[in-house]
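One structure is given here, and the rest of the page talks about it.
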Amino acid sequence: MPDIIYSFKRYEKKYLLSDEQYEFIKNGMKNYVIADEHPRYSLCNIYYDTDDWRLIRKSIEKPVYKEKLRIRSYGVPKNGDKVFVELKKKFSGVVYKRRIALPAEDGFPLNIKDEKLADVKSIQTKNETEWFLRLYNAYPRMFIGYDREAYSGINNSGLRITFDTNMRFRTDRLDLRCGDNTSPILKNDDILCEIKIPGACPIWLSRLLSESRAFPISFSKYGTCYRDHILAPSLKNKTASEKNKEVLESA
């Protein structure tokens with residue numbers, strides 16, 4: 001599990017890699033990065049949204065500004081383990097994230113006013129999270145999990161490179177304590193590489209990505225789940241006019 005950071009700002013780029021591209025990049029970066037103290041771990045997330053999936057539908061439109069709320073754990077938590085309430089915002093390509101920690105038993109359902117969250121350092125995040133829940137009337141809508149391999153820059157501590165595999169989801173039992181029984185998000189075995197950095201990409205990394213023919217993509221695990229596993233099945237048995245109407249509404 002990585003060090004706990006409660007607030008940060010950074011740029012993020014994503015790449016879907018084949019096994020060959022993954023091996024090429026991993027071998028090429030070994031002199032520039034160091035593995036996390038616990039380099040491999042599982043991430044479990046509960047995403048909050050509205051009755052009509054308004055937040056993820058808006059996100060798919062690629063607006064200048066978007067925000068989302070999730071509860072995250074490292075592995076399947078038990079009562080007493082920490083989970084993290086994360087409010088993530090993206091504006092003009094820059095990602096801002098704030099989070100607060102709370103015991104797993106206090107996160108389901110989310111009770112942001114719990115007395116255990118009285119840490120003064122978290123007041124702004126608590127207020128913003130409470131505002132988000134009230135504004136959207138958001139509630140748990142989807143579980144997404146994946147296995148992560150993580151590295152940080154040796155000479156650039158702000159650089160972070162992660163590789164996600166076994167991306168999976170479910171839309172029931174929306175409590176992180178309910179285990180990890182899920183369905184796959186993707187049909188193939190592509191590996192999601194995420195590069196996170198406060199500033200410009202290092203020259204060595206740019207060269208490595210170019211040589212591996214890895215190109216940045218717009219990819220969202222939550223967005224892919226909604227589009228492929230929620231929206232697509234709902235369109236399957238509809239008439240052409242009904243499909244067009246729903247697609248336009250989802251856009």
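The chains in the structure tokens are called A, B, ... from first to last as shown; in each chain the residues are counted from 1, and the ligands are counted from 1 in the order shown.
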
I'd like to know which residues of stretch 89-173 of chain A are helix (DSSP H, G or I) (by DSSP, run on the backbone); could you write them as an MDAnalysis selection string? chainID A and resid 104:106 115:117 120:136

Near A:Thr224, within 10 Å and counting only C-alpha atoms, which residues show up once chain neighbours fewer than 3 positions away are dropped, as a PDB file with N, CA, C and O atoms, in the first residue's frame?
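around-v5.pdb written:
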```pdb
ATOM      1  N   ILE A  56     -21.487  10.149 -14.304  1.00  0.00           N
ATOM      2  CA  ILE A  56     -20.638   9.466 -15.276  1.00  0.00           C
ATOM      3  C   ILE A  56     -21.050   9.835 -16.696  1.00  0.00           C
ATOM      4  O   ILE A  56     -20.210   9.911 -17.594  1.00  0.00           O
ATOM      5  N   ILE A  60     -18.326  11.382 -19.422  1.00  0.00           N
ATOM      6  CA  ILE A  60     -18.070  10.832 -20.748  1.00  0.00           C
ATOM      7  C   ILE A  60     -18.081  11.917 -21.818  1.00  0.00           C
ATOM      8  O   ILE A  60     -17.428  11.801 -22.861  1.00  0.00           O
ATOM      9  N   ILE A 185     -14.186  -6.032 -16.518  1.00  0.00           N
ATOM     10  CA  ILE A 185     -14.573  -4.816 -17.226  1.00  0.00           C
ATOM     11  C   ILE A 185     -14.268  -4.936 -18.715  1.00  0.00           C
ATOM     12  O   ILE A 185     -15.080  -4.578 -19.565  1.00  0.00           O
ATOM     13  N   LEU A 186     -13.080  -5.457 -19.053  1.00  0.00           N
ATOM     14  CA  LEU A 186     -12.642  -5.554 -20.442  1.00  0.00           C
ATOM     15  C   LEU A 186     -12.722  -6.995 -20.935  1.00  0.00           C
ATOM     16  O   LEU A 186     -12.571  -7.936 -20.160  1.00  0.00           O
ATOM     17  N   PHE A 219      -9.434   7.010 -21.116  1.00  0.00           N
ATOM     18  CA  PHE A 219      -9.993   5.760 -20.598  1.00  0.00           C
ATOM     19  C   PHE A 219     -10.390   5.940 -19.154  1.00  0.00           C
ATOM     20  O   PHE A 219      -9.617   6.441 -18.337  1.00  0.00           O
ATOM     21  N   SER A 220     -11.601   5.536 -18.849  1.00  0.00           N
ATOM     22  CA  SER A 220     -12.110   5.578 -17.488  1.00  0.00           C
ATOM     23  C   SER A 220     -12.684   4.210 -17.158  1.00  0.00           C
ATOM     24  O   SER A 220     -13.525   3.689 -17.899  1.00  0.00           O
ATOM     25  N   LYS A 221     -12.232   3.614 -16.069  1.00  0.00           N
ATOM     26  CA  LYS A 221     -12.792   2.318 -15.670  1.00  0.00           C
ATOM     27  C   LYS A 221     -14.289   2.453 -15.419  1.00  0.00           C
ATOM     28  O   LYS A 221     -15.083   1.617 -15.864  1.00  0.00           O
ATOM     29  N   ARG A 227     -20.721   2.489 -19.954  1.00  0.00           N
ATOM     30  CA  ARG A 227     -21.020   2.423 -21.386  1.00  0.00           C
ATOM     31  C   ARG A 227     -21.234   0.980 -21.854  1.00  0.00           C
ATOM     32  O   ARG A 227     -22.175   0.688 -22.608  1.00  0.00           O
ATOM     33  N   ASP A 228     -20.360   0.048 -21.411  1.00  0.00           N
ATOM     34  CA  ASP A 228     -20.392  -1.325 -21.927  1.00  0.00           C
ATOM     35  C   ASP A 228     -21.322  -2.253 -21.152  1.00  0.00           C
ATOM     36  O   ASP A 228     -21.840  -3.222 -21.718  1.00  0.00           O
ATOM     37  N   HIS A 229     -21.509  -1.976 -19.862  1.00  0.00           N
ATOM     38  CA  HIS A 229     -22.244  -2.931 -19.034  1.00  0.00           C
ATOM     39  C   HIS A 229     -23.558  -2.392 -18.470  1.00  0.00           C
ATOM     40  O   HIS A 229     -24.357  -3.160 -17.931  1.00  0.00           O
ATOM     41  N   ILE A 230     -23.794  -1.087 -18.578  1.00  0.00           N
ATOM     42  CA  ILE A 230     -25.067  -0.509 -18.137  1.00  0.00           C
ATOM     43  C   ILE A 230     -25.845   0.020 -19.338  1.00  0.00           C
ATOM     44  O   ILE A 230     -26.985  -0.382 -19.586  1.00  0.00           O
ATOM     45  N   LEU A 231     -25.226   0.904 -20.124  1.00  0.00           N
ATOM     46  CA  LEU A 231     -25.914   1.521 -21.249  1.00  0.00           C
ATOM     47  C   LEU A 231     -26.148   0.534 -22.393  1.00  0.00           C
ATOM     48  O   LEU A 231     -27.263   0.419 -22.901  1.00  0.00           O
TER      49      LEU A 231
END
```

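With only C-alpha atoms as the basis for measurement, A:Ile197 is the residue among A:Ile34, A:Ile197, A:Leu133, A:Leu176 that approaches A:Glu12 most closely.
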
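Across the model, the gap from atom CA of A:Lys62 to atom CA of A:Lys90 is 10.1 Å.
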
| message | Based on the backbone DSSP call, show me all residues of stretch 17-174 of chain A assigned strand (DSSP E), as an MDAnalysis selection string. | response | chainID A and resid 17 33:49 65:74 82:91 94:103 139:153 160:170
